[in-house]
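Asker: I have a structure I would like to understand better, so I am pasting it below and will then ask my questions one at a time.
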Amino acid sequence: MLSINVDEFLANISLISLIAIIGISLYGIFVRPNIIKKIIALTIFTDASNLLAILVGFRRPPSIPPVLLNLQPSPEDIRYFTQVAVDPLPQALVLTAIVIGMAVNLLIIFIALQVYRLYGTLDVRKIKRLRG
Amino acid sequence: MRKDLVVAICLAIVIVIISYIVTLGGGLGPLFSDVRPLATVYLGTTFNTSNPIFTAMSPEAVTAIVWDYRGLDTLFETAVFYLAIIGSVAIYRGINEKLRISMGFGLSKIVKVVTKLLIPMNIAVATSIALHGHLTPGGGFQAGAAMAVIPMLLVVVFSRYFLLDIRLSKDLALTLRSIGLLGLALTLFTPVVIGLINGLNAYIMQNQAKINAPVSLPAFVGGSLISGSLIMYNVSEFLAVSFGFAILFILLSIEEGLVKDQMRGEGVEH
Amino acid sequence: MELTYLLLAISMLFALIATYIAIFEKNLVKAVIFSALQSISFALALYLLRAPDIVLVYLPITVGVYPAAILFLIRKTEEVEEV
């Protein structure tokens with residue numbers, strides 16, 4: 001058994017399984033014919049992409065979240081904080097992305113309900129054959 | 001489901017073997033090394049009294065980035081959320097409902113008593129998250145999401161008609177959401193108004209004084225830290241997001257037979 | 001060996017198993033429940049990555065609002081997917 005760095009092995013497991021989750025959810029969006037299954041696969045795809053963005057801004061442990069706990073910091077405290085905290089910018093952008101994605105997904109659920117009321121089915125192949 | 005579980009576990013074992021081989025061959029590059037220089041700038045100036053031109057006076061870096069350093073992004077995100085809710089309300093236009101007595105509907109008595117105990121705790125925790133958004137992890141969006149489960153619980157446990165009994169209709173929720181957005185708009189224009197009155201230069205969504213715009217909202221009030229405009233933004237966004245979710249759940253739980261009758265009476269062109 | 005990396009790898013593998021079963025399951029109610037399980041393990045991974053703001057937004061939305069709205073939709077339409 002060749003010797004490897006265990007930390008690097010575990011980090012590579014996380015990254016490759018995240019890419020596999022993105023691949024499986026893309027298959028679910030394209031191939032499955034029911035609209036509700038497409039909606040579930042779309043939410044999984046969105047979550048995995050946001051987690052990939054936060055994974056980029058991580059820092060090797062020991063590290064702390066980007067919150068300053070000392071309410072009267074000296075310049076020494078601030079310099080220690082910038083060398084230990086993780087990146088706050090991907091977290092702010094992902095916050096915006098989660099709220100926008102949730103609003104659009106709820107609108108898609110309302111439109112799917114309207115499609116069922118007008119066409120009587122939620123199967124994409126049958127709707128294509130009806131043609132209005 | 002037994003076949004699916006076996007295939008999934010085999011897929012996980014394949015991923016572990018692939019990552020072992022990748023690590024032997026040098027790995028996927030330098031994972032988790034140092035952060036980028038832009039992050040050092042944001043972390044270094046977020047609560048720095050010895051650098052008063054660039055600071056945001058808030059010990060929570062993520063809230064300062066969302067409402068101060070990149071405030072216009074959040075403004076347009078609120079606009080997108082608003083358009084999504086207007087689209088959902090437009091699909092349900094013109095549906096009237098009749099009132100019905102709400103005794104005897106809903107789940108059993110044990111569930112109702114436990115839910116009555118949990119709902120005030122939920123409101124208290126959500127308000128605390130909104131008001132402390134500039135000191136600890138929290139803010140407007142987090143508090144709105146935490147309070148969004150209350151209308152769903154009320155519809156499932158008590159019944160749809162309980163919401164009509166306490167007069168939480170779609171119009172009341174739309175009005176309260178508009179009050180939240182109005183608070184956001186007023187806080188946006190406050191530095192400009194102060195600048196126009198005193199004859200100084202100021203930008204919209206400005207928190208602390210900059211080089212050629214010396215208007216700033218107070219960071220300390222009575223000895224406690226409120227970080228200028230960040231606390232007003234958090235409270236307004238909390239109201240707007242939580243009542244936006246309330247509108248969506250009120251509309252989604254209207255009875256299906258009622259909607260079909262009224263829609264069929266409108267004419268069948270499609 | 002760091003505890004952070006070990007728990008991160010375990011939660012990502014559990015999320016992979018849950019999402020495979022969620023996509024390939026024909027009964028839609030069971031698919032929604034497995035999607036909520038995947039969201040719980042993602043929330044653990046987000047906590048280990050030092051992002052507490054995101055956990056506070058993510059947990060009520062993907063475990064509370066999404067399964068509730070999709071279950072309302074399933075109740076009003078059909079319940080089993082036909083491949």
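Note on naming: chains are A, B, ... as they come in the structure tokens, residues start from 1 per chain, ligands start from 1 in the order shown.
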Could you go through region 23-260 of chain B and tell me which residues DSSP, when run on the backbone, assigns to strand (DSSP E), listing them as a PDB file with N, CA and C atoms, in the first residue's frame?
Answerer:
ATOM      1  N   PHE B 220     -23.007  54.173  16.880  1.00  0.00           N
ATOM      2  CA  PHE B 220     -23.241  53.850  18.286  1.00  0.00           C
ATOM      3  C   PHE B 220     -24.382  54.714  18.776  1.00  0.00           C
ATOM      4  N   VAL B 221     -25.421  54.104  19.384  1.00  0.00           N
ATOM      5  CA  VAL B 221     -26.527  54.874  19.942  1.00  0.00           C
ATOM      6  C   VAL B 221     -26.636  54.527  21.416  1.00  0.00           C
ATOM      7  N   SER B 224     -24.506  51.401  22.714  1.00  0.00           N
ATOM      8  CA  SER B 224     -24.568  50.070  22.094  1.00  0.00           C
ATOM      9  C   SER B 224     -24.432  50.216  20.591  1.00  0.00           C
ATOM     10  N   LEU B 225     -23.924  49.170  19.958  1.00  0.00           N
ATOM     11  CA  LEU B 225     -23.535  49.229  18.559  1.00  0.00           C
ATOM     12  C   LEU B 225     -24.736  48.913  17.684  1.00  0.00           C
TER      13      LEU B 225
END
Asker: Check every residue of chain C for an atom within 8 Å of chain A, counting only C-alpha atoms, and provide those that qualify as a ChimeraX atom specification.
Answerer: /C:1-2,4-6,8-9,12-13,16,19-20,23,28,32,35,46,49-54,57-58,61,69-70,73-74,76-78,81-83
Asker: Counting only C-alpha atoms, a student should be able to say which residues of chain B come within 6 Å of chain C; what is the right answer, written as a list of chain:residue names?
Answerer: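 My answer is B:Asp4, B:Ala8, B:Pro137, B:Gly138, B:Gln142, B:Ala146.
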Asker: Just the alpha helix (DSSP H) stuff from chain C, please, per backbone DSSP, written as a PDB file with C-alpha atoms, in the first residue's frame.
Answerer:
ATOM      1  CA  LEU C   3     -11.975  15.682  12.259  1.00  0.00           C
ATOM      2  CA  THR C   4     -13.338  18.329   9.854  1.00  0.00           C
ATOM      3  CA  TYR C   5     -12.217  16.474   6.732  1.00  0.00           C
ATOM      4  CA  LEU C   6     -13.449  13.094   7.981  1.00  0.00           C
ATOM      5  CA  LEU C   7     -16.957  14.315   8.846  1.00  0.00           C
ATOM      6  CA  LEU C   8     -17.124  16.295   5.579  1.00  0.00           C
ATOM      7  CA  ALA C   9     -16.317  13.152   3.534  1.00  0.00           C
ATOM      8  CA  ILE C  10     -18.887  11.040   5.437  1.00  0.00           C
ATOM      9  CA  SER C  11     -21.694  13.590   4.986  1.00  0.00           C
ATOM     10  CA  MET C  12     -20.966  14.028   1.257  1.00  0.00           C
ATOM     11  CA  LEU C  13     -21.063  10.257   0.660  1.00  0.00           C
ATOM     12  CA  PHE C  14     -24.367  10.021   2.544  1.00  0.00           C
ATOM     13  CA  ALA C  15     -25.759  12.857   0.399  1.00  0.00           C
ATOM     14  CA  LEU C  16     -24.662  10.970  -2.741  1.00  0.00           C
ATOM     15  CA  ILE C  17     -26.583   7.832  -1.680  1.00  0.00           C
ATOM     16  CA  ALA C  18     -29.695   9.841  -0.784  1.00  0.00           C
ATOM     17  CA  THR C  19     -29.765  11.781  -4.065  1.00  0.00           C
ATOM     18  CA  TYR C  20     -29.340   8.598  -6.156  1.00  0.00           C
ATOM     19  CA  ILE C  21     -32.368   7.021  -4.450  1.00  0.00           C
ATOM     20  CA  ALA C  22     -34.364  10.274  -4.765  1.00  0.00           C
ATOM     21  CA  ILE C  23     -33.869  10.538  -8.547  1.00  0.00           C
ATOM     22  CA  LEU C  28     -43.028  10.832  -5.672  1.00  0.00           C
ATOM     23  CA  VAL C  29     -43.730  11.126  -1.923  1.00  0.00           C
ATOM     24  CA  LYS C  30     -40.729   8.907  -1.132  1.00  0.00           C
ATOM     25  CA  ALA C  31     -38.588  10.969  -3.529  1.00  0.00           C
ATOM     26  CA  VAL C  32     -39.417  14.165  -1.619  1.00  0.00           C
ATOM     27  CA  ILE C  33     -38.509  12.548   1.731  1.00  0.00           C
ATOM     28  CA  PHE C  34     -35.126  11.416   0.385  1.00  0.00           C
ATOM     29  CA  SER C  35     -34.496  14.887  -1.004  1.00  0.00           C
ATOM     30  CA  ALA C  36     -35.058  16.280   2.528  1.00  0.00           C
ATOM     31  CA  LEU C  37     -32.519  13.721   3.890  1.00  0.00           C
ATOM     32  CA  GLN C  38     -29.987  14.955   1.351  1.00  0.00           C
ATOM     33  CA  SER C  39     -30.608  18.534   2.493  1.00  0.00           C
ATOM     34  CA  ILE C  40     -29.934  17.598   6.127  1.00  0.00           C
ATOM     35  CA  SER C  41     -26.532  16.129   5.288  1.00  0.00           C
ATOM     36  CA  PHE C  42     -25.730  19.197   3.152  1.00  0.00           C
ATOM     37  CA  ALA C  43     -26.565  21.395   6.166  1.00  0.00           C
ATOM     38  CA  LEU C  44     -24.046  19.423   8.262  1.00  0.00           C
ATOM     39  CA  ALA C  45     -21.432  19.928   5.526  1.00  0.00           C
ATOM     40  CA  LEU C  46     -22.156  23.681   5.432  1.00  0.00           C
ATOM     41  CA  TYR C  47     -21.668  23.917   9.210  1.00  0.00           C
ATOM     42  CA  LEU C  48     -18.311  22.139   8.941  1.00  0.00           C
ATOM     43  CA  PRO C  52     -23.278  29.709   9.890  1.00  0.00           C
ATOM     44  CA  ASP C  53     -25.209  32.397   7.949  1.00  0.00           C
ATOM     45  CA  ILE C  54     -25.907  29.968   5.127  1.00  0.00           C
ATOM     46  CA  VAL C  55     -27.098  27.224   7.505  1.00  0.00           C
ATOM     47  CA  LEU C  56     -29.690  29.625   8.978  1.00  0.00           C
ATOM     48  CA  VAL C  57     -31.123  30.298   5.485  1.00  0.00           C
ATOM     49  CA  TYR C  58     -30.743  26.777   4.083  1.00  0.00           C
ATOM     50  CA  LEU C  59     -32.342  24.698   6.831  1.00  0.00           C
ATOM     51  CA  PRO C  60     -35.885  26.188   6.991  1.00  0.00           C
ATOM     52  CA  TYR C  66     -39.813  22.953  -0.396  1.00  0.00           C
ATOM     53  CA  PRO C  67     -41.183  19.561   0.791  1.00  0.00           C
ATOM     54  CA  ALA C  68     -44.387  21.256   2.015  1.00  0.00           C
ATOM     55  CA  ALA C  69     -45.023  23.028  -1.300  1.00  0.00           C
ATOM     56  CA  ILE C  70     -44.210  19.916  -3.366  1.00  0.00           C
ATOM     57  CA  LEU C  71     -46.487  17.777  -1.146  1.00  0.00           C
ATOM     58  CA  PHE C  72     -49.320  20.273  -1.722  1.00  0.00           C
ATOM     59  CA  LEU C  73     -48.669  19.955  -5.465  1.00  0.00           C
ATOM     60  CA  ILE C  74     -48.630  16.125  -5.325  1.00  0.00           C
ATOM     61  CA  ARG C  75     -51.930  16.094  -3.424  1.00  0.00           C
ATOM     62  CA  LYS C  76     -53.605  18.187  -6.101  1.00  0.00           C
TER      63      LYS C  76
END
Asker: Up to 8 Å from chain A, what residues of chain B turn up? Count only C-alpha atoms and give them as a count of residues only.
Answerer: 44
Asker: Please list as JSON, numbers by chain every residue within 6 Å of region 228-232 of chain B, counting only C-alpha atoms and excluding residues in the same chain fewer than 5 positions away.
Answerer: {"B": [207, 217, 218, 219]}
Asker: What is the CA of Val125 (chain B) to CA of Gly144 (chain B) distance in Å?
Answerer: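 CA of Gly144 (chain B) lies 11.0 Å from CA of Val125 (chain B).
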Asker: How many Å separate CA of Met57 (chain B) from CA of His134 (chain B)?
Answerer: 9.2 Å
